[in-house]
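**Student:** Below is final14.tsv; it holds TSV, C-alpha atoms.
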chain	number	residue	atom	x	y	z
A	1	MET	CA	136.47	60.34	114.09
A	2	SER	CA	136.31	62.56	117.16
A	3	LEU	CA	134.81	66.02	117.17
A	4	VAL	CA	136.87	68.87	118.58
A	5	PRO	CA	134.86	71.19	120.88
A	6	ILE	CA	134.80	74.81	119.75
A	7	PRO	CA	136.65	76.83	122.39
A	8	LYS	CA	134.77	79.66	124.08
A	9	TRP	CA	135.73	83.16	123.13
A	10	SER	CA	137.63	85.13	125.72
A	11	GLU	CA	136.02	88.24	127.17
A	12	TRP	CA	138.54	90.36	125.24
A	13	GLN	CA	137.67	88.65	121.94
A	14	MET	CA	133.96	89.12	122.52
A	15	ARG	CA	134.32	92.77	123.45
A	16	ASP	CA	136.56	93.50	120.47
A	17	TYR	CA	134.11	91.82	118.09
A	18	ALA	CA	131.14	93.59	119.67
A	19	GLU	CA	132.80	96.99	119.42
A	20	ARG	CA	133.66	96.50	115.75
A	21	THR	CA	130.15	95.24	114.96
A	22	VAL	CA	128.57	98.22	116.72
A	23	LYS	CA	130.71	100.59	114.65
A	24	ASP	CA	129.54	98.87	111.47
A	25	ALA	CA	125.92	99.10	112.62
A	26	LEU	CA	126.14	102.81	113.42
A	27	ALA	CA	127.80	103.49	110.06
A	28	VAL	CA	124.72	102.19	108.21
A	29	GLY	CA	122.28	104.11	110.39
A	30	LEU	CA	121.22	101.58	113.01
A	31	THR	CA	120.39	103.03	116.42
A	32	SER	CA	118.90	99.83	117.89
A	33	VAL	CA	119.30	96.14	117.12
A	34	HIS	CA	117.37	93.04	118.15
A	35	ASP	CA	119.89	90.30	118.89
A	36	ALA	CA	117.86	87.18	118.18
A	37	ALA	CA	119.90	84.51	119.97
A	38	THR	CA	121.92	85.95	122.85
A	39	SER	CA	123.94	83.73	125.17
A	40	LEU	CA	124.21	84.71	128.82
A	41	GLN	CA	127.92	85.40	128.31
A	42	GLU	CA	127.12	87.80	125.48
A	43	PHE	CA	124.33	89.40	127.48
A	44	GLU	CA	126.64	90.06	130.43
A	45	LEU	CA	129.10	91.69	128.04
A	46	PHE	CA	126.40	94.02	126.68
A	47	LYS	CA	125.37	94.91	130.23
A	48	GLN	CA	128.96	95.66	131.22
A	49	MET	CA	129.51	97.83	128.15
A	50	ASP	CA	126.33	99.74	128.99
A	51	GLU	CA	127.40	100.21	132.62
A	52	ASP	CA	130.79	101.45	131.39
A	53	ASN	CA	129.03	103.93	129.05
A	54	GLU	CA	130.73	102.19	126.12
A	55	LEU	CA	127.67	100.92	124.27
A	56	PRO	CA	126.65	103.56	121.70
A	57	ILE	CA	123.70	101.51	120.37
A	58	ARG	CA	120.62	99.91	121.90
A	59	VAL	CA	120.39	96.11	122.16
A	60	TYR	CA	117.16	94.21	122.64
A	61	ALA	CA	118.37	90.72	123.49
A	62	MET	CA	116.48	87.46	123.09
A	63	ALA	CA	117.88	84.72	125.29
A	64	ASP	CA	119.04	81.75	123.22
A	65	THR	CA	117.38	78.84	125.02
A	66	ASP	CA	119.52	76.33	123.11
A	67	ARG	CA	122.59	77.63	124.96
A	68	LEU	CA	121.12	77.65	128.46
A	69	SER	CA	122.10	75.00	130.98
A	70	PRO	CA	119.32	73.44	133.08
A	71	GLU	CA	120.39	75.64	135.99
A	72	GLU	CA	120.41	78.77	133.83
A	73	ARG	CA	116.95	77.94	132.47
A	74	LYS	CA	115.70	77.91	136.04
A	75	ASP	CA	117.43	81.09	137.22
A	76	ILE	CA	117.36	83.43	134.21
A	77	GLU	CA	115.30	86.59	134.73
A	78	ILE	CA	113.85	89.32	132.53
A	79	TYR	CA	116.14	92.35	132.44
A	80	ASP	CA	114.41	95.68	131.84
A	81	PRO	CA	115.90	98.06	134.42
A	82	SER	CA	114.98	101.56	133.26
A	83	PRO	CA	114.07	103.57	130.14
A	84	GLY	CA	117.65	104.85	130.06
A	85	ALA	CA	119.28	101.43	129.85
A	86	ARG	CA	120.57	100.53	126.41
A	87	VAL	CA	120.35	96.80	127.02
A	88	ARG	CA	117.15	94.89	127.72
A	89	MET	CA	116.21	91.21	127.66
A	90	HIS	CA	112.48	90.64	127.67
A	91	SER	CA	112.08	87.53	125.52
A	92	VAL	CA	113.50	84.14	124.60
A	93	LYS	CA	114.30	82.74	121.16
A	94	LEU	CA	113.19	79.24	120.17
A	95	PHE	CA	113.91	77.38	116.92
A	96	THR	CA	111.59	75.02	115.03
A	97	ASP	CA	113.03	74.21	111.61
A	98	GLY	CA	115.77	74.84	109.06
A	99	ALA	CA	116.08	77.00	105.95
A	100	LEU	CA	114.43	76.83	102.54
A	101	GLY	CA	117.72	76.87	100.63
A	102	SER	CA	118.86	73.58	102.17
A	103	TRP	CA	115.41	71.95	101.94
A	104	GLY	CA	115.41	72.21	105.73
A	105	ALA	CA	112.30	74.37	106.17
A	106	ALA	CA	109.59	72.08	107.58
A	107	LEU	CA	106.74	71.70	105.07
A	108	LEU	CA	103.36	70.01	105.40
A	109	ASP	CA	103.76	68.46	101.94
A	110	PRO	CA	106.89	67.40	100.03
A	111	TYR	CA	109.12	69.90	98.27
A	112	SER	CA	108.11	70.41	94.65
A	113	ASP	CA	111.70	69.96	93.46
A	114	LYS	CA	112.58	67.19	95.92
A	115	PRO	CA	109.56	64.92	96.48
A	116	ASP	CA	111.35	62.77	99.06
A	117	ALA	CA	111.92	65.74	101.39
A	118	ARG	CA	109.64	67.72	103.70
A	119	GLY	CA	112.29	69.52	105.71
A	120	LEU	CA	113.13	69.11	109.36
A	121	MET	CA	111.30	69.94	112.58
A	122	ARG	CA	113.85	70.36	115.34
A	123	MET	CA	111.35	68.96	117.83
A	124	PRO	CA	107.93	67.29	117.71
A	125	GLU	CA	104.93	69.62	117.91
A	126	GLU	CA	104.06	68.37	121.41
A	127	ASP	CA	107.52	69.29	122.68
A	128	LEU	CA	107.24	72.71	121.06
A	129	ASN	CA	103.91	73.28	122.82
A	130	GLN	CA	105.49	72.42	126.15
A	131	LEU	CA	108.52	74.63	125.55
A	132	VAL	CA	106.45	77.64	124.49
A	133	ARG	CA	104.20	77.18	127.51
A	134	GLU	CA	107.16	76.80	129.88
A	135	TRP	CA	108.56	80.22	128.98
A	136	TRP	CA	105.11	81.77	128.71
A	137	ASP	CA	104.27	80.73	132.26
A	138	LYS	CA	107.52	82.32	133.46
A	139	GLY	CA	106.37	85.66	132.03
A	140	TRP	CA	108.74	85.87	129.07
A	141	GLY	CA	108.01	87.07	125.59
A	142	VAL	CA	108.32	84.07	123.27
A	143	ASN	CA	109.86	84.56	119.82
A	144	VAL	CA	110.11	81.51	117.57
A	145	HIS	CA	112.08	80.90	114.36
A	146	ALA	CA	109.75	79.36	111.78
A	147	ILE	CA	110.25	79.24	108.01
A	148	GLY	CA	108.22	76.37	106.52
A	149	ASP	CA	104.41	76.14	106.59
A	150	ARG	CA	104.49	73.17	108.97
A	151	ALA	CA	106.73	75.06	111.39
A	152	ASN	CA	104.62	78.22	111.21
A	153	LYS	CA	101.43	76.22	111.77
A	154	ALA	CA	102.99	74.49	114.78
A	155	VAL	CA	103.96	77.80	116.36
A	156	LEU	CA	100.53	79.32	115.78
A	157	ASP	CA	98.90	76.19	117.20
A	158	ALA	CA	101.02	76.55	120.34
A	159	PHE	CA	99.93	80.15	120.86
A	160	GLU	CA	96.32	79.28	120.01
A	161	LYS	CA	96.35	76.63	122.73
A	162	ILE	CA	97.57	79.22	125.22
A	163	SER	CA	94.80	81.61	124.18
A	164	GLN	CA	92.25	78.83	124.70
A	165	ASP	CA	93.70	77.90	128.09
A	166	ILE	CA	93.67	81.48	129.36
A	167	GLY	CA	90.40	82.25	127.61
A	168	SER	CA	91.68	85.34	125.83
A	169	LYS	CA	93.29	86.17	122.50
A	170	GLU	CA	94.04	89.60	123.97
A	171	GLY	CA	96.12	87.90	126.64
A	172	VAL	CA	98.30	86.42	123.91
A	173	ALA	CA	98.54	89.62	121.87
A	174	ASN	CA	99.54	91.68	124.92
A	175	ARG	CA	102.65	89.51	125.38
A	176	ARG	CA	103.66	90.31	121.76
A	177	PRO	CA	104.85	86.86	120.72
A	178	ARG	CA	106.80	86.84	117.48
A	179	ILE	CA	107.36	84.42	114.65
A	180	GLU	CA	110.80	85.20	113.28
A	181	HIS	CA	110.76	84.94	109.46
A	182	SER	CA	107.17	83.78	108.75
A	183	GLN	CA	108.45	82.88	105.29
A	184	ILE	CA	106.09	80.17	104.05
A	185	MET	CA	102.57	80.08	105.47
A	186	ARG	CA	99.24	78.63	104.49
A	187	LEU	CA	96.83	81.41	103.53
A	188	GLU	CA	94.62	80.56	106.50
A	189	ASP	CA	97.62	80.85	108.82
A	190	LEU	CA	98.43	84.33	107.51
A	191	LYS	CA	95.02	85.34	108.86
A	192	LYS	CA	95.35	83.26	112.01
A	193	ALA	CA	98.53	85.07	113.04
A	194	GLY	CA	96.66	88.37	112.96
A	195	GLU	CA	93.66	87.00	114.83
A	196	LEU	CA	95.89	85.73	117.64
A	197	GLY	CA	97.99	88.88	117.73
A	198	VAL	CA	101.18	86.97	116.92
A	199	LEU	CA	103.68	89.34	115.29
A	200	SER	CA	105.32	88.30	112.03
A	201	SER	CA	108.89	89.59	112.22
A	202	VAL	CA	110.16	89.46	108.63
A	203	GLN	CA	113.36	90.19	106.74
A	204	PRO	CA	112.70	91.54	103.22
A	205	THR	CA	116.12	90.61	101.85
A	206	HIS	CA	115.23	86.95	102.41
A	207	ALA	CA	112.57	87.38	99.73
A	208	THR	CA	114.98	88.83	97.19
A	209	SER	CA	117.68	86.27	98.04
A	210	ASP	CA	115.29	83.31	97.73
A	211	MET	CA	113.08	84.50	94.86
A	212	TRP	CA	115.21	82.85	92.18
A	213	TYR	CA	114.41	79.33	93.40
A	214	ALA	CA	111.49	79.67	95.84
A	215	GLU	CA	108.67	78.93	93.40
A	216	THR	CA	110.52	75.92	91.96
A	217	ARG	CA	110.97	74.63	95.50
A	218	LEU	CA	107.41	75.32	96.66
A	219	GLY	CA	105.22	75.15	93.56
A	220	PRO	CA	102.59	77.60	92.27
A	221	GLU	CA	100.12	77.22	95.16
A	222	ARG	CA	102.36	77.35	98.24
A	223	ILE	CA	104.25	80.33	96.85
A	224	LYS	CA	101.09	82.41	97.28
A	225	GLY	CA	101.63	82.37	101.04
A	226	ALA	CA	105.40	82.89	100.90
A	227	TYR	CA	107.16	86.19	101.64
A	228	ALA	CA	103.68	87.74	101.54
A	229	TYR	CA	104.48	90.98	103.33
A	230	GLN	CA	101.55	93.12	102.20
A	231	THR	CA	99.16	90.27	103.02
A	232	LEU	CA	100.76	89.80	106.44
A	233	LEU	CA	100.50	93.51	107.15
A	234	ARG	CA	96.83	93.69	106.18
A	235	ALA	CA	96.05	90.61	108.29
A	236	SER	CA	98.03	91.78	111.32
A	237	ARG	CA	96.41	93.09	114.46
A	238	GLY	CA	96.91	96.86	114.50
A	239	GLY	CA	98.81	96.98	111.21
A	240	VAL	CA	102.14	95.96	112.74
A	241	LEU	CA	104.86	94.24	110.67
A	242	PRO	CA	108.37	94.50	112.17
A	243	LEU	CA	111.11	94.48	109.54
A	244	GLY	CA	114.71	93.44	110.11
A	245	SER	CA	117.77	92.09	108.32
A	246	ASP	CA	118.80	88.80	109.98
A	247	PHE	CA	122.42	89.87	109.71
A	248	PRO	CA	124.96	88.26	109.50
A	249	VAL	CA	122.88	85.85	107.36
A	250	GLU	CA	122.00	88.85	105.17
A	251	GLY	CA	123.69	92.24	104.91
A	252	ILE	CA	123.72	94.63	107.85
A	253	ASN	CA	122.56	97.73	105.94
A	254	PRO	CA	118.87	98.49	106.68
A	255	LEU	CA	118.61	100.36	103.38
A	256	LEU	CA	118.99	97.00	101.62
A	257	GLY	CA	115.96	95.75	103.53
A	258	PHE	CA	114.03	98.94	102.79
A	259	TYR	CA	114.82	98.55	99.09
A	260	ALA	CA	113.85	94.87	99.07
A	261	ALA	CA	110.57	95.62	100.84
A	262	VAL	CA	109.42	98.34	98.45
A	263	ALA	CA	110.93	97.08	95.18
A	264	ARG	CA	111.14	93.28	95.56
A	265	LEU	CA	114.09	93.38	93.18
A	266	ASP	CA	117.71	92.33	93.58
A	267	VAL	CA	120.40	95.00	93.72
A	268	GLU	CA	120.73	94.84	89.93
A	269	GLY	CA	117.04	95.74	89.55
A	270	LYS	CA	115.99	92.25	88.46
A	271	SER	CA	113.47	89.65	89.59
A	272	PRO	CA	111.90	86.48	88.17
A	273	HIS	CA	108.87	88.64	87.33
A	274	GLY	CA	110.82	91.46	85.70
A	275	GLU	CA	111.32	95.08	86.70
A	276	ALA	CA	107.92	95.33	88.41
A	277	GLY	CA	109.29	93.14	91.19
A	278	TRP	CA	108.69	89.62	92.42
A	279	PHE	CA	104.96	89.26	93.15
A	280	PRO	CA	104.61	93.05	93.08
A	281	ALA	CA	101.26	92.98	94.90
A	282	GLU	CA	103.25	92.06	98.02
A	283	ARG	CA	105.48	95.14	97.84
A	284	LEU	CA	105.24	97.50	100.80
A	285	THR	CA	104.90	101.24	100.36
A	286	ARG	CA	107.80	103.38	101.49
A	287	ALA	CA	105.76	104.59	104.46
A	288	GLN	CA	104.91	101.02	105.46
A	289	ALA	CA	108.54	99.92	105.19
A	290	LEU	CA	109.78	102.86	107.26
A	291	LYS	CA	107.20	102.18	109.97
A	292	GLY	CA	108.15	98.50	109.95
A	293	MET	CA	111.79	99.37	110.62
A	294	THR	CA	111.07	101.98	113.29
A	295	LEU	CA	107.79	102.09	115.21
A	296	ASP	CA	106.78	98.48	114.53
A	297	ALA	CA	110.22	97.23	115.56
A	298	ALA	CA	109.93	99.29	118.73
A	299	TYR	CA	106.48	97.84	119.43
A	300	ALA	CA	107.82	94.31	118.92
A	301	SER	CA	110.40	94.98	121.65
A	302	PHE	CA	108.03	96.67	124.14
A	303	ALA	CA	109.66	100.04	123.48
A	304	GLU	CA	107.12	102.03	121.47
A	305	ASP	CA	106.69	104.52	124.34
A	306	THR	CA	110.35	105.55	124.15
A	307	LEU	CA	111.58	104.58	120.67
A	308	GLY	CA	110.43	104.31	117.08
A	309	SER	CA	109.30	107.85	116.28
A	310	LEU	CA	110.50	111.41	116.80
A	311	VAL	CA	107.97	112.95	119.18
A	312	PRO	CA	108.34	114.86	122.47
A	313	GLY	CA	109.13	112.53	125.35
A	314	LYS	CA	110.85	109.81	123.33
A	315	ARG	CA	114.55	109.15	122.95
A	316	ALA	CA	116.31	111.28	120.33
A	317	ASP	CA	117.51	108.39	118.17
A	318	PHE	CA	117.60	109.16	114.45
A	319	VAL	CA	119.64	109.00	111.26
A	320	ILE	CA	120.43	111.70	108.70
A	321	LEU	CA	120.68	110.52	105.08
A	322	ASP	CA	122.04	112.32	102.03
A	323	ARG	CA	118.68	112.13	100.22
A	324	ASN	CA	114.96	111.62	100.82
A	325	ILE	CA	114.23	107.91	100.45
A	326	MET	CA	110.53	108.60	101.03
A	327	ASP	CA	110.20	110.43	97.70
A	328	ALA	CA	108.27	107.96	95.54
A	329	SER	CA	109.13	109.93	92.41
A	330	GLN	CA	112.73	108.77	92.75
A	331	SER	CA	113.80	105.45	91.29
A	332	PHE	CA	114.31	102.46	93.56
A	333	SER	CA	118.01	102.50	92.66
A	334	GLU	CA	118.32	105.82	94.51
A	335	ILE	CA	117.72	103.92	97.75
A	336	LEU	CA	120.78	101.76	97.12
A	337	GLU	CA	122.91	104.85	96.45
A	338	THR	CA	121.88	106.54	99.71
A	339	LYS	CA	124.64	107.36	102.20
A	340	VAL	CA	124.40	107.88	105.95
A	341	LYS	CA	125.60	111.33	106.99
A	342	ALA	CA	125.03	110.92	110.73
A	343	THR	CA	123.62	108.47	113.27
A	344	VAL	CA	122.36	110.00	116.51
A	345	VAL	CA	121.59	108.11	119.73
A	346	ASP	CA	120.16	109.92	122.76
A	347	GLY	CA	120.71	113.22	121.00
A	348	LYS	CA	124.45	112.62	120.60
A	349	VAL	CA	126.21	111.94	117.32
A	350	ALA	CA	127.43	108.32	117.38
A	351	TYR	CA	128.58	108.27	113.75
A	352	GLY	CA	129.37	110.94	111.16
A	353	GLY	CA	128.62	114.59	111.73
A	354	ILE	CA	125.90	117.20	111.58
So that I can check it, write out the structure of this file as structure tokens.
**Tutor:**
Amino acid sequence: MSLVPIPKWSEWQMRDYAERTVKDALAVGLTSVHDAATSLQEFELFKQMDEDNELPIRVYAMADTDRLSPEERKDIEIYDPSPGARVRMHSVKLFTDGALGSWGAALLDPYSDKPDARGLMRMPEEDLNQLVREWWDKGWGVNVHAIGDRANKAVLDAFEKISQDIGSKEGVANRRPRIEHSQIMRLEDLKKAGELGVLSSVQPTHATSDMWYAETRLGPERIKGAYAYQTLLRASRGGVLPLGSDFPVEGINPLLGFYAAVARLDVEGKSPHGEAGWFPAERLTRAQALKGMTLDAAYASFAEDTLGSLVPGKRADFVILDRNIMDASQSFSEILETKVKATVVDGKVAYGGI
């Protein structure tokens, strides 16, 4: 059997898809997105749209190293032209393992519900160390997908080795490396991430999607270090926990993530632990969740001086909702009923009306 190569999208197809996606993002109140696996073709499209003044949203791109040719790996450069640019590329995205749902997340010990499986590392730890160091030495921010405890340990070990080589944990923290997902971690590694200054970039809807089978898959001990957002926040350096969605894997609406972070319930108000939420001690407060989606996300993309909060001197990016989601006296279900009235980027209405 022969495999048929997937044809490349035309520039018109890519632009049409990007424009429709941006409209969907603005409609749910997104003013900035982190694109966590951008090809050079996609990046050039974003740049062109920005130059044509046809990009009504900000894009922080992470170069997808899996899709770089050897020549591109050698020539690619950080792109951060000016505070006014809506497209920046300051980091690369690496991948270590698979997902929990498919038993692909790399675990140190066998799966509780599949004793013959430990998941899959996409590369040996030594190769990961070399790859992280390669991009680090080129000056890039290094963001790494890691879900299982083995994968997370391997990534932290790679950054720890760099800190030892350069003789400074501050030197690592200042580059703002990220672990994307940080889903299943040993308790000691939750602390280690904070000590090294490695940011845990998490997606709360993963917790509420996986909660129905996660403990069966991991067992009663490993689950203590899984989707542990409050623990990660407390252990983090500076109290920084960037929150995202991982769309299109999960839904695009950030209010779903906000709800999942503070309630740890599914959209029907249910969880394996009842109405109090799944492991309710790991719920974030509304203030913590809002900061994670705004100022912490800006910090994780080297943009906290211009984005993430409404203060003089920063960009006027904000969203107007039809109710106050910060009112803790309201039920969690109110969050799911919230509508976006307007999305504003650079002081101009990009969606809805004021």
**Student:** Give me the residues within 12 Å of Glu19 in chain A as a PyMOL selection string, counting all atoms listed in the file and dropping any in the same chain fewer than 6 places off.
**Tutor:** chain A and resi 12-13+25-26+45-46+49-50+54-57
**Student:** Take the point (108.1, 82.7, 130.9) in the file's coordinates, draw a sphere of radius 10 Å around it, and report as a VMD selection string every protein, DNA or RNA residue with an atom inside or on it, counting all atoms listed in the file.
**Tutor:** chain A and resid 76 to 78 90 to 92 131 to 142
**Student:** Could you check the closest approach to Pro254 in chain A for each of A:Gly292, A:Gly104, A:Gly98, A:Pro312 and tell me which residue wins, using all atoms listed in the file?
**Tutor:** A:Gly292
**Student:** If you take all atoms listed in the file and a cut-off of 12 Å, which residues of range 77-160 of chain A touch range 227-250 of chain A, and what are their nearest atom pairs and distances in Å to one decimal, in chain and number order, as CSV?
**Tutor:**
residue,atom,partner,partner_atom,distance
A:Ala99,CA,A:Val249,CA,11.2
A:Leu100,CA,A:Tyr227,CA,11.9
A:His145,CA,A:Asp246,CA,11.3
A:Ile147,CA,A:Tyr227,CA,9.9
A:Gly148,CA,A:Tyr227,CA,11.0
A:Asp149,CA,A:Tyr227,CA,11.5
**Student:** CA of Ala61 in chain A and CA of Thr285 in chain A, how far apart in Å?
**Tutor:**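 Computing the Euclidean distance for CA of Thr285 in chain A and CA of Ala61 in chain A yields 28.8 Å.
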**Student:** Ranking A:Lys169, A:His34, A:Arg67, A:Lys8 by minimum distance to Ser201 in chain A and counting only C-alpha atoms, which one comes first?
**Tutor:**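 Result for the nearest residue to Ser201 in chain A: A:His34.
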**Student:** Tell me, in Å to one decimal, how far CA of Gln41 in chain A is from CA of Lys74 in chain A.
**Tutor:**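 Going from CA of Gln41 in chain A over to CA of Lys74 in chain A, I get 16.3 Å.
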**Student:** Please report the interatomic distance between CA of Arg175 in chain A and CA of Lys192 in chain A in Å with one decimal.
**Tutor:** 16.5 Å
**Student:** Residues within 10 Å of range 210-217 of chain A, please, as number ranges by chain. Count only C-alpha atoms; anything in the same chain fewer than 4 positions from it doesn't count.
**Tutor:** A: 100-101, 103, 110-115, 184, 205-206, 221-224, 226-227, 264-266, 271-273, 278-279
**Student:** Counting all atoms listed in the file, select every polymer residue within 7 Å of (112.7, 85.3, 105.1) as defined in the file's coordinates, and provide the selection as a ChimeraX atom specification.
**Tutor:** /A:181-183,202-204,206-207,227
**Student:** With a distance cut-off of 10 Å and all atoms listed in the file, select the neighbouring residues of Ala287 in chain A, excluding the residue or stretch itself and same-chain residues fewer than 3 positions from it, and output the selection as a list in words.
**Tutor:**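 The neighbour list is Val262, Leu284, Leu290, Lys291, Gly292, Ile325, Met326, Asp327 and Ala328 of chain A.
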**Student:** Between A:Arg286, A:Lys161, A:Arg58, A:Lys270, which residue has the minimum interatomic distance to Leu255 in chain A, considering only C-alpha atoms?
**Tutor:**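 Looking only at the distances to Leu255 in chain A, the closest residue turns out to be A:Arg286.
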**Student:** Which residue out of A:Ala303, A:Leu199, A:Glu160, A:Met293 has the minimum interatomic distance to Leu256 in chain A when only C-alpha atoms are used?
**Tutor:**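 Smallest separation from Leu256 in chain A among the options: A:Met293.
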